[in-house]
>>> print(open('run_10.cif').read())   # mmCIF, C-alpha atoms
data_work
#
loop_
_atom_site.label_atom_id
_atom_site.label_comp_id
_atom_site.auth_asym_id
_atom_site.auth_seq_id
_atom_site.Cartn_x
_atom_site.Cartn_y
_atom_site.Cartn_z
CA MET A 1 5.66 12.83 -2.73
CA ARG A 2 5.15 12.89 -6.46
CA LYS A 3 1.68 13.50 -7.84
CA ILE A 4 1.55 10.00 -9.29
CA VAL A 5 1.95 8.52 -5.79
CA TRP A 6 -1.04 10.55 -4.58
CA ILE A 7 -3.05 9.17 -7.49
CA GLY A 8 -2.05 5.66 -6.42
CA ILE A 9 -3.13 6.48 -2.86
CA GLY A 10 -6.48 7.72 -4.20
CA LEU A 11 -7.04 4.53 -6.18
CA ALA A 12 -6.17 2.37 -3.18
CA SER A 13 -8.45 4.37 -0.88
CA PHE A 14 -11.52 4.53 -3.10
CA GLN A 15 -11.37 0.80 -3.75
CA GLN A 16 -12.27 0.31 -0.09
CA LEU A 17 -14.26 3.47 0.69
CA VAL A 18 -17.10 2.31 -1.56
CA GLY A 19 -17.74 -0.38 1.07
CA ILE A 20 -17.28 -3.58 -0.91
CA ASN A 21 -15.77 -5.58 1.94
CA VAL A 22 -18.74 -4.74 4.15
CA VAL A 23 -20.83 -6.80 1.72
CA PHE A 24 -18.41 -9.73 1.90
CA TYR A 25 -17.55 -9.59 5.61
CA TYR A 26 -20.99 -8.71 6.94
CA GLY A 27 -23.23 -9.95 4.11
CA ALA A 28 -25.10 -12.52 6.19
CA VAL A 29 -25.61 -10.05 9.04
CA LEU A 30 -26.78 -7.38 6.61
CA TRP A 31 -29.44 -9.51 4.94
CA GLN A 32 -30.68 -10.89 8.24
CA ALA A 33 -31.01 -7.30 9.47
CA VAL A 34 -33.41 -6.53 6.63
CA GLY A 35 -35.64 -9.52 7.24
CA PHE A 36 -34.10 -12.49 5.39
CA SER A 37 -33.66 -15.81 7.17
CA GLU A 38 -30.17 -17.05 8.03
CA SER A 39 -30.23 -19.69 5.26
CA ASP A 40 -31.45 -17.15 2.69
CA ALA A 41 -28.78 -14.67 3.79
CA LEU A 42 -26.04 -17.27 3.32
CA LEU A 43 -27.46 -18.18 -0.10
CA ILE A 44 -27.38 -14.52 -1.12
CA ASN A 45 -23.70 -14.40 -0.12
CA ILE A 46 -22.97 -17.43 -2.31
CA ILE A 47 -24.75 -15.80 -5.25
CA SER A 48 -22.73 -12.61 -4.72
CA GLY A 49 -19.54 -14.69 -4.87
CA ALA A 50 -20.61 -16.20 -8.19
CA VAL A 51 -21.44 -12.74 -9.55
CA SER A 52 -17.97 -11.57 -8.49
CA ILE A 53 -16.28 -14.36 -10.44
CA ALA A 54 -18.39 -13.67 -13.55
CA ALA A 55 -17.53 -9.96 -13.40
CA CYS A 56 -13.79 -10.68 -13.14
CA VAL A 57 -14.01 -12.98 -16.16
CA VAL A 58 -15.59 -10.14 -18.17
CA THR A 59 -12.77 -7.80 -17.19
CA ILE A 60 -10.02 -10.31 -17.93
CA SER A 61 -11.38 -10.84 -21.44
CA LEU A 62 -11.83 -7.15 -22.29
CA ILE A 63 -9.37 -5.02 -20.32
CA ASP A 64 -6.59 -5.08 -22.92
CA LYS A 65 -9.08 -4.10 -25.64
CA VAL A 66 -11.08 -1.47 -23.78
CA GLY A 67 -8.41 -0.07 -21.45
CA ARG A 68 -8.24 0.55 -17.72
CA LYS A 69 -9.82 3.97 -17.22
CA PRO A 70 -13.14 3.15 -18.98
CA PHE A 71 -13.61 0.17 -16.64
CA LEU A 72 -12.97 2.35 -13.58
CA MET A 73 -15.39 5.03 -14.80
CA LEU A 74 -18.14 2.53 -15.62
CA GLY A 75 -17.63 0.81 -12.28
CA SER A 76 -17.85 4.06 -10.32
CA ILE A 77 -21.04 5.12 -12.08
CA GLY A 78 -22.59 1.67 -11.70
CA MET A 79 -21.72 1.48 -8.00
CA ALA A 80 -23.09 4.96 -7.33
CA VAL A 81 -26.42 4.08 -8.96
CA THR A 82 -26.81 0.65 -7.33
CA LEU A 83 -25.78 1.96 -3.89
CA ALA A 84 -28.33 4.78 -4.26
CA LEU A 85 -31.01 2.18 -5.01
CA MET A 86 -30.02 0.22 -1.91
CA VAL A 87 -30.20 3.37 0.21
CA PHE A 88 -33.66 4.08 -1.22
CA ALA A 89 -34.84 0.56 -0.38
CA PHE A 90 -33.47 0.72 3.16
CA ALA A 91 -34.88 4.22 3.75
CA SER A 92 -38.32 3.15 2.54
CA ALA A 93 -38.46 -0.01 4.67
CA SER A 94 -40.60 -0.33 7.78
CA VAL A 95 -39.35 -1.61 11.14
CA ASP A 96 -40.83 -4.82 12.53
CA ALA A 97 -41.45 -5.71 16.19
CA SER A 98 -37.94 -7.15 16.63
CA GLY A 99 -36.31 -3.96 15.36
CA ASN A 100 -35.27 -5.33 11.97
CA LEU A 101 -36.07 -3.63 8.70
CA ASP A 102 -38.92 -5.06 6.65
CA LEU A 103 -38.25 -4.34 2.99
CA GLY A 104 -41.51 -5.82 1.77
CA ASP A 105 -41.84 -5.44 -2.00
CA LEU A 106 -38.52 -3.54 -2.06
CA GLY A 107 -36.64 -6.70 -1.11
CA THR A 108 -36.28 -7.67 -4.77
CA LEU A 109 -34.97 -4.21 -5.65
CA ALA A 110 -32.42 -4.37 -2.82
CA LEU A 111 -31.22 -7.82 -3.93
CA ILE A 112 -30.86 -6.81 -7.57
CA ALA A 113 -29.10 -3.56 -6.62
CA ALA A 114 -26.74 -5.36 -4.20
CA ASN A 115 -25.68 -7.92 -6.79
CA GLY A 116 -25.43 -5.18 -9.42
CA TYR A 117 -23.13 -3.31 -7.05
CA VAL A 118 -20.98 -6.41 -6.55
CA PHE A 119 -20.83 -6.93 -10.32
CA PHE A 120 -19.79 -3.34 -11.07
CA PHE A 121 -17.09 -3.41 -8.39
CA ASN A 122 -15.60 -6.71 -9.51
CA MET A 123 -15.52 -5.76 -13.16
CA SER A 124 -13.76 -2.49 -12.35
CA TRP A 125 -12.19 -1.36 -9.09
CA GLY A 126 -11.63 -4.86 -7.75
CA PRO A 127 -9.13 -6.12 -10.36
CA VAL A 128 -8.39 -2.95 -12.34
CA MET A 129 -6.96 -1.01 -9.41
CA TRP A 130 -4.25 -3.66 -8.99
CA VAL A 131 -3.54 -3.58 -12.72
CA MET A 132 -3.23 0.22 -12.58
CA LEU A 133 -0.90 0.13 -9.57
CA GLY A 134 1.29 -2.39 -11.37
CA GLU A 135 1.56 -0.21 -14.47
CA MET A 136 1.41 3.43 -13.39
CA PHE A 137 4.63 3.97 -11.41
CA PRO A 138 7.89 4.77 -13.21
CA ASN A 139 10.76 2.43 -12.46
CA GLN A 140 12.60 4.83 -10.15
CA ILE A 141 9.76 4.88 -7.58
CA ARG A 142 7.96 1.67 -8.52
CA GLY A 143 8.77 -0.28 -5.36
CA SER A 144 8.05 2.50 -2.90
CA GLY A 145 4.94 3.62 -4.79
CA LEU A 146 3.45 0.13 -4.70
CA ALA A 147 4.34 -0.21 -1.01
CA VAL A 148 2.65 3.05 -0.05
CA ALA A 149 -0.46 2.24 -2.07
CA GLY A 150 -0.62 -1.24 -0.53
CA VAL A 151 -0.42 0.16 3.01
CA VAL A 152 -3.22 2.64 2.24
CA GLN A 153 -5.38 -0.04 0.65
CA TRP A 154 -5.18 -2.36 3.65
CA GLY A 155 -5.51 0.55 6.07
CA SER A 156 -8.70 1.65 4.32
CA ASN A 157 -9.94 -1.95 4.36
CA PHE A 158 -9.39 -2.09 8.12
CA ALA A 159 -11.08 1.28 8.71
CA ILE A 160 -14.18 0.47 6.66
CA THR A 161 -14.51 -2.98 8.21
CA MET A 162 -14.15 -1.74 11.79
CA THR A 163 -16.46 1.25 11.41
CA PHE A 164 -19.40 -0.56 9.81
CA PRO A 165 -20.77 -2.03 13.09
CA ILE A 166 -20.44 1.41 14.68
CA MET A 167 -22.27 3.07 11.77
CA LEU A 168 -24.92 0.34 11.80
CA ALA A 169 -25.62 1.05 15.47
CA SER A 170 -25.57 4.84 15.13
CA VAL A 171 -26.79 5.94 11.68
CA GLY A 172 -28.18 2.58 10.48
CA LEU A 173 -27.96 0.96 7.07
CA VAL A 174 -29.21 4.10 5.35
CA GLY A 175 -26.40 6.22 6.79
CA ALA A 176 -23.71 3.61 6.20
CA TYR A 177 -24.65 2.88 2.61
CA GLY A 178 -25.29 6.56 2.01
CA PHE A 179 -21.64 7.19 2.91
CA TYR A 180 -20.44 4.46 0.54
CA CYS A 181 -22.65 5.92 -2.20
CA ILE A 182 -21.14 9.38 -1.70
CA CYS A 183 -17.65 7.87 -1.96
CA ALA A 184 -18.63 6.15 -5.22
CA VAL A 185 -19.88 9.47 -6.61
CA ILE A 186 -16.64 11.22 -5.60
CA SER A 187 -14.64 8.43 -7.26
CA ILE A 188 -16.27 9.31 -10.60
CA GLY A 189 -14.72 12.78 -10.46
CA PHE A 190 -11.41 11.38 -9.23
CA VAL A 191 -11.16 8.99 -12.19
CA ALA A 192 -12.25 11.62 -14.70
CA LYS A 193 -9.76 14.26 -13.50
CA TYR A 194 -6.72 12.43 -12.17
CA VAL A 195 -6.51 8.88 -13.55
CA TYR A 196 -4.88 8.40 -16.94
CA GLU A 197 -4.83 5.40 -19.22
CA THR A 198 -1.88 3.00 -18.90
CA LYS A 199 -2.86 0.58 -21.67
CA GLY A 200 -0.06 0.09 -24.18
CA ARG A 201 2.46 2.24 -22.29
CA GLU A 202 5.86 1.06 -21.11
CA LEU A 203 7.02 1.60 -17.53
CA GLU A 204 9.73 3.93 -18.81
CA GLN A 205 6.97 6.18 -20.23
CA MET A 206 5.30 6.70 -16.87
CA GLN A 207 5.82 10.20 -15.52
CA GLY A 208 6.28 10.96 -11.84
#
>>> encode(input="run_10.cif", output="structure tokens")
Amino acid sequence: MRKIVWIGIGLASFQQLVGINVVFYYGAVLWQAVGFSESDALLINIISGAVSIAACVVTISLIDKVGRKPFLMLGSIGMAVTLALMVFAFASASVDASGNLDLGDLGTLALIAANGYVFFFNMSWGPVMWVMLGEMFPNQIRGSGLAVAGVVQWGSNFAITMTFPIMLASVGLVGAYGFYCICAVISIGFVAKYVYETKGRELEQMQG
């Protein structure tokens, strides 16, 4: 396959390997596991949804001025930092009598970091990856390139979603979110080395 297809596969994979859908699919379970009540956990999920919408609005208004690659780079750095803060909070928490984590004073840090993580994802990898995939493939492999990237994206989504309960039971929240943090760090290097800007370029200018 052409190098550009591998770059598309990398973009599709990293969008899911940073663990964003764990937050959306298991958000209520996650926050209950660290000591929040069911109603508070559901409220946190609603707030995260609002943050997601706000982040997408920011990207929509600025992406054609700033470009695609800067958004991806900023998002990767922001996710790596906020995920690291979440790992720190989870690692520093105590365990109560029922086996749940008790974040104590670190609960506020975890909440801010979690919503910061959601914001950075949704102003970068969430929408920008799809923009990049729509612009990066030359016409002669455009259809097949998009199809391959789409399969990888949904396959990665499935893998991350299915493995989270297993990781939660085996390595805990610290191990699971530590893995997502490592993936976010790796994505910084991937964007810096392999991803190129597509802003202002015609499809005919894309090189395979």
>>> atom_distance(input="run_10.cif", atom1="atom CA of A:Lys3", atom2="atom CA of A:Leu72")
19.3 Å
>>> residues_near_point(input="run_10.cif", point="(-12.9, -2.1, -4.6)", cutoff="6 Å", atoms="only C-alpha atoms", output="number ranges by chain")
A: 15-16, 20, 121, 125-126
>>> resolve_selection(input="run_10.cif", expression="the PyMOL selection byres ((chain A and resi 176-192) around 8)", output="list of chain:residue names")
A:Gly10, A:Phe14, A:Leu17, A:Val18, A:Gly19, A:Lys69, A:Leu72, A:Met73, A:Ser76, A:Ile77, A:Met79, A:Ala80, A:Val81, A:Leu83, A:Ala84, A:Met86, A:Val87, A:Phe164, A:Met167, A:Leu168, A:Val171, A:Gly172, A:Leu173, A:Val174, A:Gly175, A:Lys193, A:Tyr194, A:Val195, A:Tyr196
>>> resolve_selection(input="run_10.cif", expression="the PyMOL selection byres ((chain A and resi 128) around 10)", output="list in words")
Leu11, Gln15, Cys56, Thr59, Ile60, Ile63, Gly67, Arg68, Lys69, Phe71, Leu72, Gly75, Phe121, Asn122, Met123, Ser124, Trp125, Gly126, Pro127, Met129, Trp130, Val131, Met132, Leu133 and Gly134 of chain A
>>> residues_near_point(input="run_10.cif", point="(-29.4, -12.4, 1.5)", cutoff="6 Å", atoms="only C-alpha atoms", output="list in words")
Trp31, Asp40, Ala41 and Ile44 of chain A
>>> closest_residue(input="run_10.cif", among="A:Phe119, A:Ala28, A:Ala149, A:Pro138", to="A:Val58", atoms="all atoms listed in the file")
A:Phe119
>>> atom_distance(input="run_10.cif", atom1="atom CA of A:Gln140", atom2="atom CA of A:Val66")
28.0 Å
>>> atom_distance(input="run_10.cif", atom1="atom CA of A:Ser156", atom2="atom CA of A:Ile9")
10.3 Å
>>> closest_residue(input="run_10.cif", among="A:Thr198, A:Asn157, A:Ser94, A:Ser170", to="A:Glu135", atoms="all atoms listed in the file")
A:Thr198
>>> resolve_selection(input="run_10.cif", expression="the PyMOL selection byres ((chain A and resi 146) around 9)", output="ChimeraX atom specification")
/A:5,8,133-134,137,141-145,147-151
>>> write_last_selection(input="run_10.cif", atoms="C-alpha atoms", output="compact mmCIF listing (two decimals), in the coordinates of the input")
# COMPACT_ATOMS: atom_id res chain seq x y z
CA VAL A 5 1.95 8.52 -5.79
CA GLY A 8 -2.05 5.66 -6.42
CA LEU A 133 -0.90 0.13 -9.57
CA GLY A 134 1.29 -2.39 -11.37
CA PHE A 137 4.63 3.97 -11.41
CA ILE A 141 9.76 4.88 -7.58
CA ARG A 142 7.96 1.67 -8.52
CA GLY A 143 8.77 -0.28 -5.36
CA SER A 144 8.05 2.50 -2.90
CA GLY A 145 4.94 3.62 -4.79
CA ALA A 147 4.34 -0.21 -1.01
CA VAL A 148 2.65 3.05 -0.05
CA ALA A 149 -0.46 2.24 -2.07
CA GLY A 150 -0.62 -1.24 -0.53
CA VAL A 151 -0.42 0.16 3.01
>>> closest_residue(input="run_10.cif", among="A:Leu43, A:Leu106, A:Ala113, A:Ala54", to="A:Ser92", atoms="only C-alpha atoms")
A:Leu106
>>> closest_residue(input="run_10.cif", among="A:Tyr26, A:Tyr117, A:Phe36, A:Phe90", to="A:Ser52", atoms="only C-alpha atoms")
A:Tyr117
>>> closest_residue(input="run_10.cif", among="A:Lys65, A:Leu74, A:Ile166, A:Met136", to="A:Trp6", atoms="only C-alpha atoms")
A:Met136
>>> build_atoms(input="run_10.cif", residues="stretch 164-196 of chain A", atoms="N, CA and C atoms", output="mmCIF file, in the coordinates of the input")
data_model
loop_
_atom_site.group_PDB
_atom_site.id
_atom_site.type_symbol
_atom_site.label_atom_id
_atom_site.label_comp_id
_atom_site.auth_asym_id
_atom_site.auth_seq_id
_atom_site.Cartn_x
_atom_site.Cartn_y
_atom_site.Cartn_z
ATOM 1 N N PHE A 164 -18.052 -0.202 10.227
ATOM 2 C CA PHE A 164 -19.400 -0.560 9.810
ATOM 3 C C PHE A 164 -20.314 -0.920 10.995
ATOM 4 N N PRO A 165 -19.877 -1.760 11.954
ATOM 5 C CA PRO A 165 -20.770 -2.030 13.090
ATOM 6 C C PRO A 165 -21.131 -0.774 13.871
ATOM 7 N N ILE A 166 -20.176 0.157 13.971
ATOM 8 C CA ILE A 166 -20.440 1.410 14.680
ATOM 9 C C ILE A 166 -21.468 2.239 13.915
ATOM 10 N N MET A 167 -21.316 2.322 12.588
ATOM 11 C CA MET A 167 -22.270 3.070 11.770
ATOM 12 C C MET A 167 -23.635 2.401 11.786
ATOM 13 N N LEU A 168 -23.649 1.068 11.781
ATOM 14 C CA LEU A 168 -24.920 0.340 11.800
ATOM 15 C C LEU A 168 -25.697 0.657 13.079
ATOM 16 N N ALA A 169 -24.968 0.768 14.188
ATOM 17 C CA ALA A 169 -25.620 1.050 15.470
ATOM 18 C C ALA A 169 -26.011 2.512 15.633
ATOM 19 N N SER A 170 -25.321 3.407 14.942
ATOM 20 C CA SER A 170 -25.570 4.840 15.130
ATOM 21 C C SER A 170 -26.451 5.450 14.033
ATOM 22 N N VAL A 171 -26.044 5.318 12.784
ATOM 23 C CA VAL A 171 -26.790 5.940 11.680
ATOM 24 C C VAL A 171 -27.578 4.918 10.866
ATOM 25 N N GLY A 172 -27.422 3.621 11.164
ATOM 26 C CA GLY A 172 -28.180 2.580 10.480
ATOM 27 C C GLY A 172 -27.672 2.283 9.080
ATOM 28 N N LEU A 173 -28.357 1.358 8.425
ATOM 29 C CA LEU A 173 -27.960 0.960 7.070
ATOM 30 C C LEU A 173 -28.042 2.116 6.095
ATOM 31 N N VAL A 174 -29.046 2.971 6.262
ATOM 32 C CA VAL A 174 -29.210 4.100 5.350
ATOM 33 C C VAL A 174 -28.003 5.031 5.422
ATOM 34 N N GLY A 175 -27.561 5.356 6.636
ATOM 35 C CA GLY A 175 -26.400 6.220 6.790
ATOM 36 C C GLY A 175 -25.124 5.586 6.291
ATOM 37 N N ALA A 176 -24.928 4.300 6.610
ATOM 38 C CA ALA A 176 -23.710 3.610 6.200
ATOM 39 C C ALA A 176 -23.621 3.513 4.678
ATOM 40 N N TYR A 177 -24.679 3.031 4.063
ATOM 41 C CA TYR A 177 -24.650 2.880 2.610
ATOM 42 C C TYR A 177 -24.743 4.214 1.899
ATOM 43 N N GLY A 178 -25.315 5.212 2.566
ATOM 44 C CA GLY A 178 -25.290 6.560 2.010
ATOM 45 C C GLY A 178 -23.864 7.079 1.913
ATOM 46 N N PHE A 179 -23.057 6.791 2.942
ATOM 47 C CA PHE A 179 -21.640 7.190 2.910
ATOM 48 C C PHE A 179 -20.904 6.495 1.784
ATOM 49 N N TYR A 180 -21.120 5.195 1.613
ATOM 50 C CA TYR A 180 -20.440 4.460 0.540
ATOM 51 C C TYR A 180 -20.878 4.989 -0.831
ATOM 52 N N CYS A 181 -22.150 5.365 -0.942
ATOM 53 C CA CYS A 181 -22.650 5.920 -2.200
ATOM 54 C C CYS A 181 -21.972 7.248 -2.518
ATOM 55 N N ILE A 182 -21.813 8.098 -1.502
ATOM 56 C CA ILE A 182 -21.140 9.380 -1.700
ATOM 57 C C ILE A 182 -19.695 9.157 -2.157
ATOM 58 N N CYS A 183 -19.020 8.180 -1.554
ATOM 59 C CA CYS A 183 -17.650 7.870 -1.960
ATOM 60 C C CYS A 183 -17.592 7.395 -3.408
ATOM 61 N N ALA A 184 -18.581 6.605 -3.827
ATOM 62 C CA ALA A 184 -18.630 6.150 -5.220
ATOM 63 C C ALA A 184 -18.819 7.324 -6.170
ATOM 64 N N VAL A 185 -19.667 8.285 -5.777
ATOM 65 C CA VAL A 185 -19.880 9.470 -6.610
ATOM 66 C C VAL A 185 -18.595 10.283 -6.720
ATOM 67 N N ILE A 186 -17.900 10.474 -5.590
ATOM 68 C CA ILE A 186 -16.640 11.220 -5.600
ATOM 69 C C ILE A 186 -15.600 10.510 -6.477
ATOM 70 N N SER A 187 -15.615 9.174 -6.463
ATOM 71 C CA SER A 187 -14.640 8.430 -7.260
ATOM 72 C C SER A 187 -14.821 8.658 -8.757
ATOM 73 N N ILE A 188 -16.043 8.999 -9.179
ATOM 74 C CA ILE A 188 -16.270 9.310 -10.600
ATOM 75 C C ILE A 188 -15.439 10.525 -10.996
ATOM 76 N N GLY A 189 -15.509 11.591 -10.182
ATOM 77 C CA GLY A 189 -14.720 12.780 -10.460
ATOM 78 C C GLY A 189 -13.231 12.529 -10.356
ATOM 79 N N PHE A 190 -12.831 11.700 -9.400
ATOM 80 C CA PHE A 190 -11.410 11.380 -9.230
ATOM 81 C C PHE A 190 -10.868 10.690 -10.483
ATOM 82 N N VAL A 191 -11.602 9.700 -10.985
ATOM 83 C CA VAL A 191 -11.160 8.990 -12.190
ATOM 84 C C VAL A 191 -11.120 9.925 -13.386
ATOM 85 N N ALA A 192 -12.160 10.732 -13.538
ATOM 86 C CA ALA A 192 -12.250 11.620 -14.700
ATOM 87 C C ALA A 192 -11.114 12.644 -14.718
ATOM 88 N N LYS A 193 -10.732 13.166 -13.546
ATOM 89 C CA LYS A 193 -9.760 14.260 -13.500
ATOM 90 C C LYS A 193 -8.314 13.793 -13.349
ATOM 91 N N TYR A 194 -8.087 12.749 -12.559
ATOM 92 C CA TYR A 194 -6.720 12.430 -12.170
ATOM 93 C C TYR A 194 -6.164 11.127 -12.766
ATOM 94 N N VAL A 195 -7.003 10.178 -13.083
ATOM 95 C CA VAL A 195 -6.510 8.880 -13.550
ATOM 96 C C VAL A 195 -6.305 8.920 -15.059
ATOM 97 N N TYR A 196 -5.170 8.446 -15.511
ATOM 98 C CA TYR A 196 -4.880 8.400 -16.940
ATOM 99 C C TYR A 196 -4.719 6.954 -17.384
#
